[in-house]
file structure.txt (compact mmCIF, C-alpha atoms)
# COMPACT_ATOMS: atom_id res chain seq x y z
CA MET A 937 106.87 -80.27 64.41
CA LYS A 938 109.01 -77.17 64.05
CA SER A 939 107.93 -76.69 60.43
CA LEU A 940 104.30 -76.96 61.48
CA THR A 941 104.75 -74.22 64.06
CA VAL A 942 106.46 -71.99 61.54
CA GLY A 943 103.63 -72.61 59.09
CA ILE A 944 101.03 -71.67 61.65
CA ILE A 945 102.94 -68.49 62.50
CA ILE A 946 103.24 -67.60 58.83
CA ALA A 947 99.49 -68.26 58.33
CA LEU A 948 98.59 -66.06 61.31
CA VAL A 949 100.86 -63.28 60.08
CA GLY A 950 99.30 -63.60 56.64
CA ILE A 951 95.82 -63.40 58.08
CA PHE A 952 96.82 -60.36 60.16
CA ILE A 953 98.33 -58.66 57.15
CA LEU A 954 95.28 -59.50 55.04
CA ALA A 955 92.94 -58.16 57.73
CA ASN A 956 94.86 -54.88 57.69
CA SER A 957 94.82 -54.77 53.90
CA VAL A 958 91.06 -54.72 53.37
CA PHE A 959 88.21 -52.55 54.56
CA VAL A 960 84.49 -52.39 53.82
CA VAL A 961 82.59 -49.29 52.71
CA ASP A 962 78.85 -49.66 53.30
CA GLN A 963 76.10 -47.82 51.44
CA THR A 964 75.77 -45.08 54.07
CA SER A 965 79.49 -44.27 54.27
CA GLN A 966 82.41 -43.03 52.23
CA ALA A 967 86.10 -43.47 53.02
CA LEU A 968 89.26 -41.39 52.75
CA VAL A 969 92.49 -43.41 52.48
CA LEU A 970 95.49 -41.74 54.13
CA GLN A 971 99.14 -42.69 53.82
CA PHE A 972 101.23 -41.35 56.68
CA GLY A 973 98.50 -38.73 57.19
CA LYS A 974 98.54 -37.63 53.55
CA PRO A 975 95.33 -38.21 51.56
CA GLU A 976 95.72 -40.82 48.83
CA ARG A 977 92.26 -41.51 47.45
CA VAL A 978 88.52 -41.35 48.19
CA GLU A 979 86.28 -44.42 48.15
CA GLN A 980 82.59 -43.53 47.78
CA SER A 981 81.16 -46.68 46.20
CA PRO A 982 80.15 -49.46 48.62
CA GLY A 983 82.02 -52.76 48.73
CA LEU A 984 85.29 -54.42 49.76
CA LYS A 985 88.33 -52.16 49.32
CA PHE A 986 92.09 -52.67 49.69
CA LYS A 987 94.89 -50.61 51.22
CA ILE A 988 98.54 -51.02 52.03
CA PRO A 989 98.73 -52.52 55.54
CA PHE A 990 100.50 -50.57 58.31
CA ILE A 991 101.20 -47.73 55.91
CA GLN A 992 97.73 -46.59 54.97
CA ASN A 993 94.78 -45.98 57.25
CA VAL A 994 91.12 -45.18 56.52
CA GLU A 995 88.76 -42.49 57.83
CA PHE A 996 85.02 -42.95 57.28
CA TYR A 997 82.49 -40.16 56.69
CA ASP A 998 78.72 -40.40 56.68
CA LYS A 999 77.12 -40.16 53.25
CA ARG A 1000 73.60 -39.53 54.61
CA LEU A 1001 71.96 -36.20 55.39
CA LEU A 1002 73.28 -34.65 58.57
CA ASP A 1003 71.40 -32.21 60.81
CA PHE A 1004 72.85 -29.18 62.51
CA GLU A 1005 70.67 -27.19 64.92
CA ALA A 1006 72.15 -23.73 65.33
CA GLU A 1007 72.11 -21.61 68.44
CA SER A 1008 69.33 -19.06 68.82
CA LYS A 1009 70.33 -15.83 67.09
CA GLU A 1010 69.07 -12.26 67.29
CA VAL A 1011 68.65 -10.46 63.98
CA ILE A 1012 67.16 -7.10 62.99
CA ALA A 1013 64.57 -6.90 60.21
CA SER A 1014 64.44 -4.03 57.74
CA ASP A 1015 61.75 -2.30 59.83
CA GLN A 1016 64.15 -2.33 62.82
CA LYS A 1017 62.22 -5.09 64.61
CA ARG A 1018 64.45 -7.45 66.60
CA LEU A 1019 63.87 -11.20 66.24
CA ARG A 1020 65.10 -14.28 68.06
CA VAL A 1021 65.51 -16.91 65.34
CA ASP A 1022 65.95 -20.66 65.82
CA ALA A 1023 67.08 -22.43 62.64
CA PHE A 1024 68.62 -25.71 61.56
CA VAL A 1025 70.63 -26.90 58.55
CA ARG A 1026 70.57 -30.21 56.71
CA TYR A 1027 73.70 -31.02 54.75
CA ARG A 1028 75.72 -33.93 53.35
CA ILE A 1029 79.43 -34.48 52.85
CA ILE A 1030 80.08 -34.72 49.11
CA ASP A 1031 83.90 -34.44 49.10
CA PRO A 1032 85.59 -36.18 52.05
CA LEU A 1033 89.05 -34.98 50.93
CA ARG A 1034 88.00 -31.33 50.84
CA PHE A 1035 86.12 -31.81 54.11
CA LYS A 1036 89.28 -33.23 55.73
CA GLN A 1037 91.49 -30.42 54.41
CA SER A 1038 89.16 -27.53 55.30
CA VAL A 1039 87.49 -28.43 58.60
CA ALA A 1040 89.00 -31.79 59.64
CA ASP A 1041 85.96 -33.02 61.59
CA GLU A 1042 82.23 -32.50 62.09
CA ARG A 1043 82.65 -30.50 65.31
CA THR A 1044 84.67 -27.86 63.48
CA MET A 1045 82.22 -28.03 60.57
CA ARG A 1046 79.32 -27.24 62.88
CA SER A 1047 81.16 -24.24 64.28
CA ARG A 1048 81.80 -22.91 60.78
CA LEU A 1049 78.21 -23.60 59.74
CA ASN A 1050 76.97 -21.69 62.77
CA SER A 1051 78.90 -18.58 61.65
CA ILE A 1052 77.78 -18.95 58.02
CA LEU A 1053 74.14 -19.43 59.00
CA GLU A 1054 74.22 -16.37 61.28
CA SER A 1055 75.61 -14.11 58.54
CA SER A 1056 73.12 -15.49 56.00
CA LEU A 1057 70.20 -14.92 58.38
CA ARG A 1058 71.28 -11.35 58.98
CA GLN A 1059 71.70 -10.72 55.27
CA ALA A 1060 68.36 -12.24 54.21
CA LEU A 1061 66.16 -11.12 57.10
CA GLY A 1062 67.75 -7.68 57.23
CA ASN A 1063 66.25 -6.86 53.81
CA VAL A 1064 62.63 -7.68 54.67
CA PRO A 1065 60.16 -6.42 57.31
CA LEU A 1066 58.93 -8.50 60.22
CA SER A 1067 55.61 -9.19 58.46
CA ALA A 1068 57.43 -11.06 55.65
CA VAL A 1069 59.00 -13.50 58.13
CA ILE A 1070 55.60 -14.57 59.47
CA SER A 1071 53.74 -14.55 56.14
CA GLU A 1072 53.63 -16.75 53.06
CA LYS A 1073 56.97 -15.24 51.97
CA ARG A 1074 58.72 -17.26 54.67
CA ALA A 1075 59.33 -20.19 52.29
CA GLU A 1076 61.05 -17.88 49.80
CA LEU A 1077 63.20 -16.45 52.58
CA MET A 1078 64.31 -19.92 53.71
CA GLN A 1079 65.25 -20.81 50.13
CA GLU A 1080 67.26 -17.60 49.87
CA ILE A 1081 69.03 -18.37 53.16
CA ARG A 1082 69.77 -21.91 51.98
CA ASP A 1083 71.34 -20.58 48.76
CA LEU A 1084 73.46 -18.10 50.73
CA VAL A 1085 74.68 -20.80 53.12
CA ASN A 1086 75.35 -23.17 50.24
CA GLU A 1087 77.37 -20.58 48.33
CA GLN A 1088 79.65 -19.98 51.29
CA ALA A 1089 79.87 -23.64 52.31
CA GLN A 1090 80.82 -24.71 48.78
CA GLY A 1091 83.24 -21.81 48.35
CA ILE A 1092 81.48 -20.34 45.31
CA LYS A 1093 82.37 -16.89 46.62
CA SER A 1094 85.91 -17.80 47.65
CA GLY A 1095 86.93 -14.21 48.15
CA GLN A 1096 84.72 -13.83 51.19
CA LYS A 1097 86.43 -13.61 54.53
CA GLY A 1098 86.48 -16.95 56.35
CA VAL A 1099 85.63 -19.09 53.28
CA LEU A 1100 88.39 -21.30 51.93
CA GLU A 1101 88.99 -21.80 48.22
CA GLY A 1102 86.88 -24.75 47.15
CA GLY A 1103 84.61 -24.64 50.21
CA PHE A 1104 84.17 -27.28 52.88
CA GLY A 1105 83.28 -30.28 50.71
CA ILE A 1106 79.62 -30.26 51.76
CA GLU A 1107 76.28 -29.53 50.10
CA VAL A 1108 73.60 -27.68 52.07
CA VAL A 1109 70.29 -29.32 51.19
CA ASP A 1110 67.89 -27.36 53.35
CA VAL A 1111 67.68 -24.53 55.88
CA ARG A 1112 64.60 -24.15 58.05
CA ILE A 1113 63.50 -21.49 60.52
CA LYS A 1114 61.82 -23.29 63.39
CA ARG A 1115 60.85 -20.21 65.38
CA ALA A 1116 61.04 -16.47 64.87
CA ASP A 1117 59.98 -14.72 68.06
CA LEU A 1118 60.36 -11.23 69.38
CA PRO A 1119 62.74 -10.77 72.34
CA PRO A 1120 60.96 -10.72 75.74
CA ALA A 1121 61.37 -6.93 76.12
CA ASN A 1122 59.94 -6.29 72.65
CA SER A 1123 57.16 -8.81 73.18
CA GLU A 1124 56.09 -7.05 76.38
CA GLY A 1125 56.14 -3.64 74.67
CA ILE A 1126 54.16 -4.93 71.69
CA TYR A 1127 51.70 -6.63 74.03
CA LYS A 1128 51.16 -3.36 75.90
CA ARG A 1129 50.68 -1.46 72.63
CA MET A 1130 48.23 -4.09 71.45
CA GLN A 1131 46.39 -3.91 74.79
CA THR A 1132 46.24 -0.11 74.57
CA GLU A 1133 45.01 -0.27 70.99
CA ARG A 1134 42.35 -2.84 71.86
CA THR A 1135 41.25 -0.76 74.86
CA ARG A 1136 41.01 2.34 72.68
CA ALA A 1137 39.02 0.43 70.07
CA ALA A 1138 36.73 -1.03 72.76
CA ASN A 1139 36.09 2.43 74.24
CA GLN A 1140 35.36 3.77 70.77
CA TYR A 1141 32.89 0.96 70.10
CA ARG A 1142 31.25 1.51 73.50
CA ALA A 1143 30.92 5.26 72.84
CA GLN A 1144 29.49 4.60 69.39
CA GLY A 1145 27.12 2.02 70.86
CA ALA A 1146 25.99 4.43 73.60
CA GLU A 1147 25.40 7.14 70.99
CA ASP A 1148 23.40 4.76 68.78
CA ALA A 1149 21.45 3.54 71.83
CA GLN A 1150 20.59 7.12 72.79
CA LYS A 1151 19.45 7.85 69.24
CA ILE A 1152 17.28 4.72 69.20
CA LYS A 1153 15.87 5.52 72.64
CA SER A 1154 15.08 9.12 71.64
CA LYS A 1155 13.41 7.92 68.48
CA ALA A 1156 11.41 5.33 70.43
CA ASP A 1157 10.35 7.94 73.03
CA LYS A 1158 9.26 10.28 70.25
CA GLU A 1159 7.26 7.55 68.52
CA ARG A 1160 5.76 6.53 71.89
CA THR A 1161 4.69 10.12 72.62
CA ILE A 1162 3.16 10.44 69.16
CA LEU A 1163 1.33 7.12 69.51
CA LEU A 1164 0.01 7.99 72.98
CA ALA A 1165 -1.14 11.41 71.76
CA GLU A 1166 -2.88 9.85 68.78
CA ALA A 1167 -4.48 7.21 71.01
CA ARG A 1168 -5.58 9.85 73.53
CA LYS A 1169 -7.00 11.98 70.73
CA GLN A 1170 -8.84 9.02 69.28
CA SER A 1171 -10.19 8.01 72.71
CA GLU A 1172 -11.42 11.54 73.39
CA ILE A 1173 -13.13 11.58 70.02
CA LEU A 1174 -14.75 8.22 70.70
CA ARG A 1175 -15.72 9.26 74.23
CA GLY A 1176 -17.24 12.47 72.92
CA GLU A 1177 -19.14 10.57 70.27
CA GLY A 1178 -20.34 8.08 72.93
CA ASP A 1179 -21.41 10.83 75.29
CA GLY A 1180 -23.24 12.59 72.46
CA GLU A 1181 -24.97 9.38 71.47
CA ALA A 1182 -25.88 8.71 75.12
CA THR A 1183 -27.26 12.21 75.48
CA ARG A 1184 -29.25 11.81 72.31
CA ILE A 1185 -30.71 8.47 73.48
CA PHE A 1186 -31.36 9.92 76.93
CA ALA A 1187 -33.15 12.93 75.49
CA GLU A 1188 -35.12 10.75 73.12
CA SER A 1189 -36.14 8.36 75.92
CA PHE A 1190 -37.00 11.23 78.28
CA GLY A 1191 -39.20 12.75 75.64
CA GLN A 1192 -41.22 9.55 75.15
CA ASP A 1193 -42.26 9.03 78.84
CA GLN A 1194 -41.05 11.66 81.18
CA GLU A 1195 -42.86 10.33 84.26
CA PHE A 1196 -41.46 6.79 83.90
CA PHE A 1197 -37.98 8.10 83.18
CA GLN A 1198 -38.12 10.27 86.29
CA PHE A 1199 -39.25 7.23 88.32
CA TYR A 1200 -36.41 5.11 86.92
CA ARG A 1201 -33.82 7.73 87.70
CA THR A 1202 -35.16 8.11 91.24
CA MET A 1203 -34.94 4.32 91.80
CA GLN A 1204 -31.31 4.40 90.68
CA ALA A 1205 -30.68 7.23 93.10
CA TYR A 1206 -32.29 5.20 95.93
CA ARG A 1207 -30.02 2.23 95.11
CA LYS A 1208 -26.84 4.27 95.17
CA THR A 1209 -27.78 6.30 98.21
CA LEU A 1210 -29.49 3.80 100.52
CA SER A 1211 -27.48 0.65 99.70
CA ALA A 1212 -24.53 1.53 102.01
CA LYS A 1213 -25.03 0.29 105.60
CA ASP A 1214 -23.16 3.14 107.24
CA THR A 1215 -25.00 5.93 105.40
CA THR A 1216 -27.18 8.36 107.35
CA LEU A 1217 -29.61 10.48 105.34
CA VAL A 1218 -31.36 13.48 106.93
CA ILE A 1219 -33.91 15.16 104.67
CA SER A 1220 -37.38 16.70 104.96
CA PRO A 1221 -40.40 14.35 104.50
CA GLU A 1222 -41.78 16.74 101.93
CA ASN A 1223 -38.66 16.42 99.79
CA ASP A 1224 -39.28 15.24 96.24
CA PHE A 1225 -36.58 12.63 96.75
CA LEU A 1226 -38.92 10.57 98.95
CA LYS A 1227 -42.06 10.93 96.95
CA TYR A 1228 -41.99 7.36 95.63
CA LEU A 1229 -41.57 5.75 99.08
CA GLY A 1230 -45.29 6.01 99.96
CA LYS A 1231 -47.57 8.21 102.07
CA GLY A 1232 -46.15 6.93 105.38
CA ALA A 1233 -42.79 8.54 104.80
CA GLY A 1234 -41.88 11.19 107.35
CA PRO A 1235 -39.82 11.78 110.48
CA SER A 1236 -41.50 8.87 112.36
CA GLY A 1237 -42.64 6.81 109.38
CA LYS A 1238 -41.21 3.39 108.40
call {"tool": "encode", "arguments": {"input": "structure.txt", "output": "structure tokens"}}
result
Amino acid sequence: MKSLTVGIIIALVGIFILANSVFVVDQTSQALVLQFGKPERVEQSPGLKFKIPFIQNVEFYDKRLLDFEAESKEVIASDQKRLRVDAFVRYRIIDPLRFKQSVADERTMRSRLNSILESSLRQALGNVPLSAVISEKRAELMQEIRDLVNEQAQGIKSGQKGVLEGGFGIEVVDVRIKRADLPPANSEGIYKRMQTERTRAANQYRAQGAEDAQKIKSKADKERTILLAEARKQSEILRGEGDGEATRIFAESFGQDQEFFQFYRTMQAYRKTLSAKDTTLVISPENDFLKYLGKGAGPSGK
């Protein structure tokens, strides 16, 4: 019975030791094996790995792309325009040992990346005007910023202040500018200048339109006066021709039968004169105007 208990204890101890002797690295991770805090080796291939129990311990690092969204930064373009820039970085840890030695953890890495990104933004955007940031050249600028960040993060320019020899053990894959806005004070000033410019342009267009309208109106009035004068001239000519023709016909008719024509004209005069009910006519009975009304015409005649 005692031997059985000892065997069980030995088996449990063996299992405990075995459990502390192996570790698993999955496809999305990489491991750094430490012995009393001193790095021993890096395991980047997935699978079951071994270590010395109780002496060695393992730290895991993500092998996938990591995102870092930087704080909003104010930079000055080459044309002295101030910009508020929001950017983010995508990177991966390619050397866990170097990462451990240089920055220790991701929180410190993000702080260092924030400083590197800020200096790279100032360097790249400070050489171009504001128009380049919001034009098709923006993609080229982001590539340039990515290269600058990558150089400092990988320690290619190790002499730079704040960059350790050999870099941080990371690779910067991409840098993107999400937003590039003017500060509120600048935006308000630019808006006012734009409003003033649009008002000036609108007033200029209105003045030009009023001038063109006056020219068109003057031209139309001139053409109207000319047309009315021509029409009046033509009507006077036609009226004169009509009156002449009427006079000719009248004279010709009067010459053919003067007595009948005189009778006809007298009848027309009677119609115009005597047709009104409120007309009072006082003339002498011997007047030629009444000669066709019969012998009974006179002061008392009907």
call {"tool": "closest_residue", "arguments": {"input": "structure.txt", "among": "A:Met1045, A:Asp1031, A:Asp1117, A:Glu1072", "to": "Lys1009 in chain A", "atoms": "all atoms listed in the file"}}
result
A:Asp1117
call {"tool": "closest_residue", "arguments": {"input": "structure.txt", "among": "A:Ile951, A:Ala1116, A:Ala1089, A:Ala967", "to": "Leu1049 in chain A", "atoms": "all atoms listed in the file"}}
result
A:Ala1089
call {"tool": "residues_near_point", "arguments": {"input": "structure.txt", "point": "(69.0, -6.6, 64.0)", "cutoff": "12 Å", "atoms": "all atoms listed in the file", "output": "count of residues only"}}
result
27
call {"tool": "atom_distance", "arguments": {"input": "structure.txt", "atom1": "CA of Ile946 in chain A", "atom2": "CA of Val961 in chain A"}}
result
28.3 Å
call {"tool": "atom_distance", "arguments": {"input": "structure.txt", "atom1": "CA of Arg1000 in chain A", "atom2": "CA of Ile988 in chain A"}}
result
27.6 Å
call {"tool": "atom_distance", "arguments": {"input": "structure.txt", "atom1": "CA of Glu1107 in chain A", "atom2": "CA of Ile1052 in chain A"}}
result
13.3 Å
call {"tool": "axis_aligned_box", "arguments": {"input": "structure.txt", "around": "range 1010-1020 of chain A", "padding_each_side": "6 Å", "output": "lines of an AutoDock Vina configuration file"}}
result
center_x = 65.4
center_y = -8.3
center_z = 62.9
size_x = 19.3
size_y = 24.0
size_z = 22.3
call {"tool": "closest_residue", "arguments": {"input": "structure.txt", "among": "A:Leu1077, A:Ala1205, A:Val1025, A:Leu1164", "to": "Glu1005 in chain A", "atoms": "all atoms listed in the file"}}
result
A:Val1025
call {"tool": "decode", "arguments": {"input": "structure.txt", "residues": "range 993-1005 of chain A", "atoms": "N, CA, C and O atoms", "output": "short mmCIF file (atom, residue, chain, number, x, y, z; two decimals), in the first residue's frame"}}
result
data_model
loop_
_atom_site.label_atom_id
_atom_site.label_comp_id
_atom_site.auth_asym_id
_atom_site.auth_seq_id
_atom_site.Cartn_x
_atom_site.Cartn_y
_atom_site.Cartn_z
N ASN A 993 11.16 30.15 -18.35
CA ASN A 993 9.77 30.56 -18.55
C ASN A 993 9.61 31.12 -19.97
O ASN A 993 10.61 31.45 -20.63
N VAL A 994 8.39 31.26 -20.41
CA VAL A 994 8.11 31.63 -21.80
C VAL A 994 7.22 32.87 -21.84
O VAL A 994 6.26 32.98 -21.07
N GLU A 995 7.58 33.80 -22.73
CA GLU A 995 6.74 34.97 -23.02
C GLU A 995 6.29 34.89 -24.47
O GLU A 995 7.10 34.63 -25.37
N PHE A 996 4.99 35.09 -24.69
CA PHE A 996 4.41 34.98 -26.03
C PHE A 996 4.17 36.38 -26.62
O PHE A 996 3.77 37.31 -25.91
N TYR A 997 4.39 36.48 -27.92
CA TYR A 997 4.18 37.73 -28.67
C TYR A 997 3.35 37.41 -29.90
O TYR A 997 3.53 36.36 -30.55
N ASP A 998 2.48 38.33 -30.22
CA ASP A 998 1.58 38.14 -31.38
C ASP A 998 2.37 38.25 -32.68
O ASP A 998 3.21 39.13 -32.84
N LYS A 999 2.10 37.33 -33.58
CA LYS A 999 2.77 37.34 -34.88
C LYS A 999 1.95 38.08 -35.93
O LYS A 999 2.44 38.40 -37.02
N ARG A 1000 0.69 38.38 -35.63
CA ARG A 1000 -0.19 39.03 -36.60
C ARG A 1000 0.07 40.53 -36.67
O ARG A 1000 0.84 41.07 -35.88
N LEU A 1001 -0.60 41.17 -37.64
CA LEU A 1001 -0.50 42.63 -37.75
C LEU A 1001 -1.17 43.29 -36.56
O LEU A 1001 -2.28 42.92 -36.17
N LEU A 1002 -0.51 44.26 -36.01
CA LEU A 1002 -1.03 45.02 -34.87
C LEU A 1002 -1.31 46.45 -35.30
O LEU A 1002 -0.57 47.02 -36.10
N ASP A 1003 -2.36 47.02 -34.75
CA ASP A 1003 -2.75 48.40 -35.08
C ASP A 1003 -2.41 49.33 -33.93
O ASP A 1003 -2.58 48.98 -32.75
N PHE A 1004 -1.94 50.50 -34.30
CA PHE A 1004 -1.69 51.56 -33.31
C PHE A 1004 -2.27 52.85 -33.85
O PHE A 1004 -1.84 53.35 -34.89
N GLU A 1005 -3.27 53.38 -33.16
CA GLU A 1005 -3.90 54.64 -33.56
C GLU A 1005 -3.29 55.77 -32.74
O GLU A 1005 -3.46 55.83 -31.52
#
